[in-house]
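K.L.:
Data file my_file-v3.cif (mmCIF, C-alpha atoms) is appended below.
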```
data_data
loop_
_atom_site.label_atom_id
_atom_site.label_comp_id
_atom_site.auth_asym_id
_atom_site.auth_seq_id
_atom_site.Cartn_x
_atom_site.Cartn_y
_atom_site.Cartn_z
CA MET A 13 64.26 25.90 -2.05
CA ASN A 14 60.88 27.61 -1.50
CA GLU A 15 57.57 25.93 -2.33
CA ASP A 16 57.12 27.71 -5.70
CA ALA A 17 60.62 26.68 -6.77
CA GLN A 18 59.89 23.08 -5.76
CA VAL A 19 56.67 23.01 -7.79
CA LEU A 20 58.39 24.57 -10.82
CA ALA A 21 61.16 21.97 -10.55
CA LEU A 22 58.50 19.24 -10.46
CA LEU A 23 56.81 20.67 -13.58
CA HIS A 24 60.12 20.60 -15.44
CA THR A 25 60.89 17.05 -14.24
CA LEU A 26 57.49 15.72 -15.32
CA ASP A 27 57.94 17.46 -18.68
CA GLN A 28 60.76 15.01 -19.41
CA LEU A 29 58.34 12.05 -19.18
CA SER A 30 56.33 12.55 -22.34
CA GLY A 31 56.35 9.80 -24.90
CA PRO A 32 58.03 10.44 -28.21
CA ASP A 33 54.80 10.75 -30.22
CA HIS A 34 52.40 12.50 -27.86
CA LEU A 35 52.07 15.28 -25.31
CA GLU A 36 48.83 14.14 -23.69
CA PHE A 37 50.28 11.61 -21.24
CA PRO A 38 53.60 10.02 -20.32
CA ASP A 39 54.56 6.54 -21.37
CA GLY A 40 53.02 4.06 -18.96
CA PHE A 41 50.07 6.29 -18.04
CA ASP A 42 47.38 3.99 -16.61
CA HIS A 43 44.07 5.54 -17.63
CA PRO A 44 41.82 2.99 -15.81
CA LEU A 45 43.78 3.47 -12.59
CA ALA A 46 43.68 7.28 -12.97
CA LYS A 47 39.91 7.13 -13.61
CA ALA A 48 39.35 4.98 -10.52
CA GLN A 49 41.35 7.46 -8.43
CA ALA A 50 39.47 10.45 -9.91
CA THR A 51 36.15 8.73 -9.19
CA GLN A 52 37.17 8.09 -5.58
CA LEU A 53 38.21 11.73 -5.22
CA LYS A 54 34.87 12.88 -6.67
CA ASP A 55 33.01 10.57 -4.26
CA ARG A 56 35.03 11.91 -1.33
CA LEU A 57 34.29 15.52 -2.31
CA THR A 58 30.58 14.66 -2.73
CA LYS A 59 30.58 13.28 0.81
CA ASP A 60 32.63 16.15 2.27
CA PHE A 61 30.57 18.89 0.59
CA GLY A 62 27.19 17.17 1.05
CA HIS A 63 26.24 17.70 -2.61
CA ALA A 64 26.77 15.66 -5.74
CA CYS A 65 29.99 16.67 -7.47
CA GLY A 66 30.40 15.98 -11.16
CA LEU A 67 33.19 14.09 -12.90
CA ASP A 68 33.92 14.80 -16.54
CA ASP A 69 35.86 11.77 -17.76
CA GLU A 70 35.24 12.22 -21.49
CA ILE A 71 38.10 14.65 -22.14
CA GLN A 72 40.28 13.81 -25.14
CA ASP A 73 43.31 15.33 -26.84
CA ALA A 74 44.34 17.09 -23.65
CA SER A 75 47.07 16.93 -21.03
CA TYR A 76 44.40 16.17 -18.43
CA TYR A 77 41.64 13.57 -18.52
CA PHE A 78 39.43 14.40 -15.58
CA LYS A 79 37.60 17.45 -14.30
CA ILE A 80 35.62 17.53 -11.07
CA ALA A 81 32.95 20.19 -10.52
CA ILE A 82 31.80 21.25 -7.07
CA PRO A 83 28.48 23.09 -7.48
CA ALA A 84 28.03 26.60 -6.09
CA GLU A 85 25.28 25.47 -3.73
CA ALA A 86 27.76 23.11 -2.05
CA THR A 87 30.28 25.83 -1.19
CA GLU A 88 30.13 28.31 1.68
CA ALA A 89 31.03 31.18 -0.67
CA GLY A 90 28.34 30.20 -3.19
CA VAL A 91 30.96 29.96 -5.95
CA PRO A 92 31.35 26.87 -8.14
CA LEU A 93 34.76 25.22 -7.85
CA GLY A 94 36.60 23.07 -10.31
CA LEU A 95 39.49 20.65 -10.10
CA ARG A 96 41.48 19.51 -13.11
CA LEU A 97 43.57 16.39 -12.75
CA SER A 98 46.61 16.16 -14.98
CA ASN A 99 47.86 13.03 -16.70
CA PHE A 100 51.28 13.80 -15.26
CA GLY A 101 52.46 13.09 -11.73
CA ASN A 102 49.08 13.42 -10.02
CA LEU A 103 49.12 17.18 -10.49
CA ALA A 104 45.88 18.98 -9.63
CA VAL A 105 44.69 22.55 -9.98
CA VAL A 106 41.72 24.14 -8.22
CA THR A 107 39.85 26.84 -10.12
CA THR A 108 37.53 29.39 -8.51
CA PRO A 109 35.53 29.42 -10.82
CA GLY A 110 37.80 29.73 -13.87
CA PRO A 111 41.50 29.20 -14.62
CA ASP A 112 42.31 32.91 -14.42
CA SER A 113 40.02 33.82 -11.52
CA HIS A 114 42.65 33.72 -8.75
CA ASP A 115 46.42 33.33 -8.53
CA ASP A 116 46.20 30.72 -5.79
CA LEU A 117 43.90 29.51 -3.02
CA ASP A 118 45.12 32.24 -0.62
CA HIS A 119 44.01 34.86 -3.16
CA ALA A 120 40.64 33.09 -3.62
CA VAL A 121 40.06 33.12 0.15
CA ARG A 122 41.01 36.84 0.43
CA GLU A 123 38.62 37.69 -2.43
CA GLY A 124 35.75 35.71 -0.86
CA ALA A 125 35.52 33.14 -3.65
CA LEU A 126 36.60 30.30 -1.38
CA ALA A 127 35.82 29.70 2.28
CA VAL A 128 38.63 28.51 4.54
CA ALA A 129 36.61 25.40 5.48
CA ASP A 130 36.02 24.52 1.81
CA ARG A 131 39.69 24.99 1.07
CA GLY A 132 40.53 22.63 3.92
CA ARG A 133 38.16 19.97 2.59
CA ILE A 134 39.65 20.18 -0.90
CA GLU A 135 43.26 20.20 0.25
CA ALA A 136 42.69 17.26 2.62
CA ALA A 137 41.04 15.20 -0.12
CA LEU A 138 43.81 15.98 -2.63
CA CYS A 139 46.47 15.09 -0.07
CA ASP A 140 44.71 11.84 0.92
CA PHE A 141 44.63 10.74 -2.72
CA GLY A 142 48.23 11.71 -3.42
CA TYR A 143 47.63 14.73 -5.65
CA THR A 144 49.99 17.70 -5.75
CA PRO A 145 48.05 20.98 -5.97
CA VAL A 146 49.65 23.55 -8.28
CA PRO A 147 48.87 27.28 -7.90
CA PRO A 148 47.48 28.75 -11.14
CA ARG A 149 50.00 31.63 -10.97
CA LEU A 150 52.80 29.13 -11.66
CA LEU A 151 50.86 27.49 -14.48
CA HIS A 152 50.29 30.80 -16.26
CA ARG A 153 54.02 31.32 -16.75
CA PRO A 154 55.30 30.89 -20.31
CA TYR A 155 56.12 27.28 -21.05
CA ASP A 156 59.88 26.78 -21.33
CA GLY A 157 60.01 23.00 -21.32
CA VAL A 158 61.36 20.38 -23.72
CA THR A 159 58.42 19.75 -26.08
CA TRP A 160 57.56 21.48 -29.35
CA LEU A 161 55.22 23.78 -27.39
CA ALA A 162 58.31 25.79 -26.38
CA GLY A 163 59.73 25.94 -29.90
CA GLU A 164 61.06 29.19 -31.31
CA GLY A 165 58.20 30.90 -33.10
CA SER A 166 55.79 28.15 -32.06
CA PHE A 167 52.15 29.28 -32.13
CA TYR A 168 49.74 27.52 -29.81
CA ALA A 169 46.21 27.80 -31.16
CA GLY A 170 44.66 26.32 -28.02
CA TYR A 171 41.60 27.27 -26.04
CA GLY A 172 40.82 29.75 -23.34
CA PRO A 173 43.01 32.57 -22.10
CA HIS A 174 46.27 31.21 -23.51
CA GLN A 175 45.61 31.34 -27.21
CA GLY A 176 48.76 32.12 -29.13
CA ARG A 177 51.27 31.11 -26.46
CA ALA A 178 51.87 27.95 -24.52
CA THR A 179 52.05 28.08 -20.73
CA TRP A 180 52.58 25.46 -18.07
CA TRP A 181 48.75 25.39 -17.87
CA THR A 182 48.76 24.31 -21.52
CA ARG A 183 51.32 21.62 -20.83
CA TYR A 184 49.46 19.95 -17.96
CA PHE A 185 45.83 21.12 -17.85
CA GLU A 186 44.59 22.02 -21.34
CA TYR A 187 43.54 20.71 -24.71
CA LEU A 188 46.50 20.26 -27.02
#
```
Rewrite the structure of this file - the entire thing - as structure tokens.

P.N.:
Amino acid sequence: MNEDAQVLALLHTLDQLSGPDHLEFPDGFDHPLAKAQATQLKDRLTKDFGHACGLDDEIQDASYYFKIAIPAEATEAGVPLGLRLSNFGNLAVVTTPGPDSHDDLDHAVREGALAVADRGRIEAALCDFGYTPVPPRLLHRPYDGVTWLAGEGSFYAGYGPHQGRATWWTRYFEYL
């Protein structure tokens, strides 16, 4: 099984974990523990990039609770970077600078939006904290999971580029 197939299989497996009354997080989700881990990741990135990185931990009604911002002045390419941390399975996505900017980190490097050294710092930090990075190209596929988001004729009135249709981005990294 190739890497994309493995990640897609993981997305489908995690989709089975949602509680019966909510999509935002699986049963047993430990918000204080997740916040502590996100804070440690933000601190690590601040140290590695030599600039203060921001942590947005006030996100509600979403399938992710934390967003880390790496300022443009901290990156070799001069492009702000973002990381969203899902409430499911320690999934993470890196945006350069927005969700639809690049298909994956290889694409971001080829386009000059991400330096190889910066990519290495981010990937090492995510790995050290047990996060699984997910390429945006896989998240922008239509959602075909088990929740009502995949329902026949279902209209997702969400935010951003996916208004009107749910995607795997919606399921794990968006407001619901």

K.L.:
So what does the PyMOL selection byres ((chain A and resi 187) around 6) actually pick up in this one, as a VMD selection string?

P.N.:
chain A and resid 73 to 74 186 188

K.L.:
Going by the chain IDs and residue numbers used in this file, which residues fall under the PyMOL selection byres ((chain A and resi 97) around 6)? Write them as a ChimeraX atom specification.

P.N.:
/A:76,78,96,98,104

K.L.:
Write out as a ChimeraX atom specification each polymer residue whose atoms come within 8 Å of Glu88 (chain A), counting all atoms listed in the file; drop sequence neighbours fewer than 5 positions from it.

P.N.:
/A:126-127,130

K.L.:
Could you check which of A:Glu36, A:Asp42, A:Asp60, A:Asp27 is closest to Ala129 (chain A), using all atoms listed in the file?

P.N.:
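Among the listed residues, the smallest separation from Ala129 (chain A) belongs to A:Asp60.
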
K.L.:
At a cut-off of 12 Å, can you tabulate as CSV every residue of region 19-68 of chain A near region 134-156 of chain A together with its closest atom pair and the distance in Å to one decimal, using only C-alpha atoms and ordering rows by chain then number?

P.N.:
```
residue,atom,partner,partner_atom,distance
A:Val19,CA,A:Val146,CA,7.1
A:Leu20,CA,A:Leu150,CA,7.3
A:Ala21,CA,A:Leu150,CA,11.1
A:Leu22,CA,A:Thr144,CA,9.8
A:Leu23,CA,A:Leu151,CA,9.1
A:His24,CA,A:Asp156,CA,8.5
A:Asp27,CA,A:Asp156,CA,9.9
A:Gln28,CA,A:Asp156,CA,12.0
A:Ala46,CA,A:Phe141,CA,10.9
A:Ala48,CA,A:Phe141,CA,11.0
A:Gln49,CA,A:Phe141,CA,7.4
A:Ala50,CA,A:Phe141,CA,8.9
A:Thr51,CA,A:Phe141,CA,10.9
A:Gln52,CA,A:Phe141,CA,8.4
A:Leu53,CA,A:Ala137,CA,6.8
A:Lys54,CA,A:Ala137,CA,9.3
A:Asp55,CA,A:Ala137,CA,10.2
A:Arg56,CA,A:Ala137,CA,7.0
A:Leu57,CA,A:Ala137,CA,7.1
A:Thr58,CA,A:Ile134,CA,10.8
A:Lys59,CA,A:Ala137,CA,10.7
A:Asp60,CA,A:Ile134,CA,8.7
A:Phe61,CA,A:Ile134,CA,9.3
```

K.L.:
Residues of region 50-81 of chain A that approach region 105-124 of chain A to 10 Å or less, counting all atoms listed in the file: could you list each one with the shortest pair of atoms and its distance in Å to one decimal, rows by chain and increasing residue number, as a Markdown table?

P.N.:
```
| residue | atom | partner | partner_atom | distance |
| --- | --- | --- | --- | --- |
| A:Lys79 | CA | A:Val105 | CA | 9.7 |
| A:Ile80 | CA | A:Val106 | CA | 9.4 |
| A:Ala81 | CA | A:Pro109 | CA | 9.6 |
```

K.L.:
One decimal, in Å: what's the spacing between CA of Ile82 (chain A) and CA of Asp16 (chain A)?

P.N.:
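A separation of 26.2 Å between them.
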
K.L.:
Quick one, how far is CA of Asn99 (chain A) from CA of Phe37 (chain A)?

P.N.:
5.3 Å
